[in-house]
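Read the structure below first, then the notes.
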Amino acid sequence: MLEYLQKDPISHIDMLEPLRRGTAEILYDGEDGVMILETRSQIYMISMEQEEKCFQILKHYPPAVYAVHQKNIASALQEQYHFPEFHPCYQYRYPYEALNEEKLTEAGITEKEISQERTPFCQVFEGNVVSERLQQKLGLERSKQMTWWLF
């Protein structure tokens, strides 16, 4: 189950963590992708290969905020709903072994997060050079693929 997301865990950290924490409802899980609803934020998170299948699933749900991992699907959603905000971003994952106490403090990672075995991550909008440099300075791993926020 959810093997699709494990193929690129850094790019999908935004979907894997809510699943691990129990704050996600699985709407679709197949060989060609995954769609979840993050229940606390009510954000639909999508990583699917087939645009048509994605829209077949989404037709059962009201338009909302989306985090989409494929540009073609993000663009199609934007075309259909005309969201005022359409932002590409990269995921950054904090590898604990690379973070010393000073870096943990600078990154704002608390002992509580570490003790709960959460994997802290952040998303940086494309072009936010200051934040990109900070994440690099802290030794974070950057996703290969982008995610598009639509809201």
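Labels used: A, B, ... for chains in the order of the structure tokens, numbers from 1 for residues in each chain, and numbers from 1 for ligands as shown.
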
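Neighbouring residues of Arg20 of chain A at 12 Å or closer, counting only C-alpha atoms and skipping chain neighbours under 6 positions away, are Leu2, Ile13, Asp14, Ile26, Glu38, Gln116, Glu117, Arg118 and Thr119 of chain A.
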
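Atom CA of Asn128 of chain A lies 28.1 Å from atom CA of Val34 of chain A.
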
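Each of A:Pro120, A:Gly33, A:Pro95, A:Pro84 was compared to His69 of chain A using only C-alpha atoms, and A:Gly33 turns out to be the nearest.
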
Q. Hey, what does DSSP flag as strand (DSSP E) within segment 13-62 of chain A? Can you give it to me as a count of residues only?
A. 19

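When only C-alpha atoms are used to compute distances to Glu132 of chain A, the closest of the residues A:Gln91, A:Thr147, A:Gln56, A:Thr39 turns out to be A:Gln91.
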
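Distance annotation: of A:Glu3, A:Glu49, A:Asp8, A:Glu85, the residue with the minimal separation from Arg142 of chain A is A:Asp8; atom set is only C-alpha atoms.
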
Q.
Please identify the helix (DSSP H, G or I) residues within segment 10-132 of chain A (assignment by DSSP from backbone atoms) and present them as a ChimeraX atom specification.
A. /A:13-21,51-58,71-81,96-98,101-107,111-115,129-132

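Each of A:Glu52, A:Glu141, A:Arg40, A:Ile57 was checked against Tyr94 of chain A using only C-alpha atoms; the smallest atom-to-atom distance is that of A:Glu141.
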
Q) Near Ala64 of chain A, counting only C-alpha atoms, which residues have an atom at most 10 Å away, once you skip same-chain residues fewer than 6 positions from it, shown as a ChimeraX atom specification? A) /A:42-44,81,83,150-151

Just the selected residues (C-alpha atoms), exported as a short mmCIF file (atom, residue, chain, number, x, y, z; two decimals), in the first residue's frame, please.
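Result file is part_36.cif:
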```
data_model
loop_
_atom_site.label_atom_id
_atom_site.label_comp_id
_atom_site.auth_asym_id
_atom_site.auth_seq_id
_atom_site.Cartn_x
_atom_site.Cartn_y
_atom_site.Cartn_z
CA GLN A 42 -8.75 19.88 4.46
CA ILE A 43 -6.10 20.01 1.72
CA TYR A 44 -6.27 17.53 -1.14
CA TYR A 81 -11.06 26.52 -11.24
CA PHE A 83 -7.30 29.75 -8.48
CA LEU A 150 -3.38 25.87 -5.74
CA PHE A 151 -5.64 27.96 -3.54
#
```

Q: For each of A:Leu77, A:Ile10, A:Leu138, A:Phe55, take the minimum atom-to-atom distance to Thr105 of chain A, counting only C-alpha atoms, then give the residue where this is smallest.
A: A:Leu138
